[in-house]
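See structure below.
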Amino acid sequence: AFRAAPFDALSADVVSRRMARRQVLTLGARRALPRRQQLATRAELEQRFAPILRLLGYWGAESSRARVAQELFRSCAVQAGAPIWAKKGLVRVSEFRPNHTLLLTHVWLVHRRLHDFPGERLGEAKLLQEVLFDELWDDTTKRVRETGIPEISVDKSLGDVQKYSFAAAVEYDRALASADDDAVLDNLGAAVWRHVYLAADDLTVEHCIDVARYILAQRRMLDALPADDVLRANLRWSQPHFAASTSNPL
């Protein structure tokens with residue numbers, strides 16, 4: 001019998017959580033700045049205001065966890081926003097669902113790595129998984145609002161996005177659990193076709209396989225990273241490689 005994939009248990013918990021915003025101090029986390037400059041700015045501010053920050057609980061477990069989750073999410077968002085996905089990968093990033101699924105795919109990869117943390121650190125990793133998904137849903141809510149739908153429909157639309165996000169993540173998990181490497185690649189490619197390309201018939205099968213190979217390569221990269229590097233959001237993403245022709249439709 002199929003054993004529940006790692007994403008299944010988390011998804012039910014995340015859906016049940018209220019989407020209230022957390023009041024977290026996030027010094028130097030301006031999206032417009034390069035990451036190194038963000039970290040330098042934060043370090044300067046932390047040193048300057050250390051006594052006040054200590055009183056405010058800035059270095060407490062919850063605040064520290066929130067900052068790690070924000071850095072991890074930002075890393076995923078930057079990688080998912082690379083122009084190559086549209087230019088060579090033919091992903092329709094101007095559409096909400098394919099664009100969101102690319103982001104979800106990278107968040108799922110980090111989620112899988114956190115799931116595999118050693119036992120003595122697994123409890124903290126699970127808490128970080130939850131906060132990381134809070135970041136995803138907060139960002140998703142913003143993007144849903146930016147589509148211009150009525151405010152009364154935002155919660156329903158967010159629920160719809162969560163449903164197909166969880167469906168994609170569970171399919172990815174099941175693909176990784178396939179019997180052999182060829183089956184893993186084929187099943188992951190099929191999941192990519194359904195969720196990233198929305199079962200489009202105007203691209204080559206090789207495009208889906210190229211994305212599947214990319215996902216597996218990032219999975220290996222994350223598996224090889226020490227836990228401390230993951231917790232510093234020091235993720236070494238590589239660029240996807242698309243060998244498939246952009247002018248050879250099915």
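Each chain in the structure tokens gets a letter, A, B and so on, in the order shown; residues start at 1 in every chain, and ligands are counted from 1 in the order they appear.
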
DSSP helix (DSSP H, G or I) residues within stretch 59-135 of chain A, as a ChimeraX atom specification: /A:61-80,84-87,96-115,119-135

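What separates atom CA of A:Ala212 from atom CA of A:Asp186 is a distance of 8.2 Å.
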
Contact residues around A:Ala243 with only C-alpha atoms at 10 Å, ignoring same-chain residues under 6 positions, as a ChimeraX atom specification: /A:88-89,206-207,209-210

Å distance separating atom CA of A:Arg219 from atom CA of A:Asp181, one decimal place: 13.7 Å

Residue nearest A:Asp139 - candidates A:Val184, A:Ala191, A:Ala77, A:Leu114, atoms counted: only C-alpha atoms: A:Ala77

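Taking atom CA of A:Asp116 as the reference point, atom CA of A:Ala177 is found at 14.5 Å.
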
Quick one: residues within 12 Å of A:Glu95, only C-alpha atoms counted, chain neighbours fewer than 3 positions away excluded, as a PDB file with C-alpha atoms, in the first residue's frame?
```pdb
ATOM      1  CA  ALA A  86       9.756  31.739 -19.833  1.00  0.00           C
ATOM      2  CA  LEU A  90       8.225  28.035 -22.230  1.00  0.00           C
ATOM      3  CA  VAL A  91       6.493  28.306 -18.857  1.00  0.00           C
ATOM      4  CA  ARG A  92       3.645  30.801 -19.078  1.00  0.00           C
ATOM      5  CA  PRO A  98       2.085  28.367 -13.761  1.00  0.00           C
ATOM      6  CA  ASN A  99       3.950  31.213 -12.081  1.00  0.00           C
ATOM      7  CA  HIS A 100       2.691  30.146  -8.661  1.00  0.00           C
ATOM      8  CA  THR A 101       3.478  26.479  -9.275  1.00  0.00           C
ATOM      9  CA  LEU A 102       7.101  27.301 -10.112  1.00  0.00           C
ATOM     10  CA  ARG A 143      -0.647  38.121  -5.600  1.00  0.00           C
ATOM     11  CA  VAL A 144      -4.301  37.064  -5.568  1.00  0.00           C
ATOM     12  CA  THR A 147      -5.240  40.165  -9.947  1.00  0.00           C
ATOM     13  CA  VAL A 196       3.574  23.649 -14.350  1.00  0.00           C
ATOM     14  CA  TYR A 197       2.507  23.403 -17.988  1.00  0.00           C
ATOM     15  CA  LEU A 198      -1.202  22.775 -17.233  1.00  0.00           C
TER      16      LEU A 198
END
```

Close residues, A:Gln162 itself excluded, 12 Å, only C-alpha atoms, min 2 positions apart in chain, as an NGL selection string: :A and (11-12 or 14-16 or 97 or 100-101 or 104 or 133-134 or 136-138 or 140-141 or 144 or 155-160 or 164-169)

I need the chosen residues saved as a PDB file, in the first residue's frame, with C-alpha atoms.
```
ATOM      1  CA  SER A  11      -0.772  20.161   4.307  1.00  0.00           C
ATOM      2  CA  ALA A  12      -3.688  19.415   6.610  1.00  0.00           C
ATOM      3  CA  VAL A  14      -1.164  24.299   7.319  1.00  0.00           C
ATOM      4  CA  VAL A  15      -4.662  24.559   5.886  1.00  0.00           C
ATOM      5  CA  SER A  16      -6.138  24.516   9.376  1.00  0.00           C
ATOM      6  CA  ARG A  97      -1.109  29.324 -11.873  1.00  0.00           C
ATOM      7  CA  HIS A 100       2.691  30.146  -8.661  1.00  0.00           C
ATOM      8  CA  THR A 101       3.478  26.479  -9.275  1.00  0.00           C
ATOM      9  CA  LEU A 104       5.571  26.269  -4.965  1.00  0.00           C
ATOM     10  CA  PHE A 133       4.409  27.950   4.249  1.00  0.00           C
ATOM     11  CA  ASP A 134       2.925  30.905   6.108  1.00  0.00           C
ATOM     12  CA  LEU A 136       4.118  31.354   0.870  1.00  0.00           C
ATOM     13  CA  TRP A 137       0.434  31.896   1.669  1.00  0.00           C
ATOM     14  CA  ASP A 138       0.981  35.508   2.724  1.00  0.00           C
ATOM     15  CA  THR A 140       0.026  34.229  -2.466  1.00  0.00           C
ATOM     16  CA  THR A 141      -2.669  36.371  -0.849  1.00  0.00           C
ATOM     17  CA  VAL A 144      -4.301  37.064  -5.568  1.00  0.00           C
ATOM     18  CA  ASP A 155     -10.195  33.886   0.739  1.00  0.00           C
ATOM     19  CA  LYS A 156     -11.992  31.558  -1.688  1.00  0.00           C
ATOM     20  CA  SER A 157      -9.341  32.122  -4.352  1.00  0.00           C
ATOM     21  CA  LEU A 158      -6.588  31.451  -1.822  1.00  0.00           C
ATOM     22  CA  GLY A 159      -8.299  28.195  -0.891  1.00  0.00           C
ATOM     23  CA  ASP A 160      -8.405  27.194  -4.559  1.00  0.00           C
ATOM     24  CA  TYR A 164      -3.903  22.714  -6.457  1.00  0.00           C
ATOM     25  CA  SER A 165      -0.649  23.518  -4.648  1.00  0.00           C
ATOM     26  CA  PHE A 166      -1.112  20.578  -2.295  1.00  0.00           C
ATOM     27  CA  ALA A 167      -2.101  18.352  -5.222  1.00  0.00           C
ATOM     28  CA  ALA A 168       1.125  19.241  -7.050  1.00  0.00           C
ATOM     29  CA  ALA A 169       3.290  18.697  -3.962  1.00  0.00           C
TER      30      ALA A 169
END
```

Report as a Markdown table: every residue of stretch 154-245 of chain A with an atom at most 12 Å from stretch 120-132 of chain A, its closest pair of atoms, and their distance in Å to one decimal, counting only C-alpha atoms, with rows sorted by chain and ascending residue number.
```
| residue | atom | partner | partner_atom | distance |
| --- | --- | --- | --- | --- |
| A:Ala227 | CA | A:Arg121 | CA | 8.9 |
| A:Asp228 | CA | A:Arg121 | CA | 10.5 |
| A:Val230 | CA | A:Ala125 | CA | 10.2 |
| A:Leu231 | CA | A:Ala125 | CA | 9.1 |
| A:Ala233 | CA | A:Leu132 | CA | 11.7 |
```

With N, CA, C and O atoms retained, export the selected residues as a compact mmCIF listing (two decimals), in the first residue's frame.
```
# COMPACT_ATOMS: atom_id res chain seq x y z
N ALA A 227 22.87 21.02 7.43
CA ALA A 227 21.68 21.64 8.00
C ALA A 227 21.91 23.12 8.31
O ALA A 227 21.02 23.96 8.11
N ASP A 228 23.09 23.46 8.79
CA ASP A 228 23.37 24.85 9.14
C ASP A 228 23.32 25.76 7.92
O ASP A 228 22.88 26.92 8.01
N VAL A 230 21.40 25.27 5.30
CA VAL A 230 19.98 25.44 4.99
C VAL A 230 19.38 26.50 5.91
O VAL A 230 18.62 27.37 5.46
N LEU A 231 19.72 26.47 7.19
CA LEU A 231 19.18 27.41 8.16
C LEU A 231 19.72 28.82 7.97
O LEU A 231 19.15 29.77 8.51
N ALA A 233 19.90 29.90 4.87
CA ALA A 233 19.36 30.15 3.53
C ALA A 233 20.48 30.24 2.50
O ALA A 233 20.37 30.94 1.50
```

Nearby residues (only C-alpha atoms) at most 9 Å from A:Val211, same-chain spacing under 3 positions excluded, as a PyMOL selection string: chain A and resi 89+188-189+192+206-208+214-216+240-242
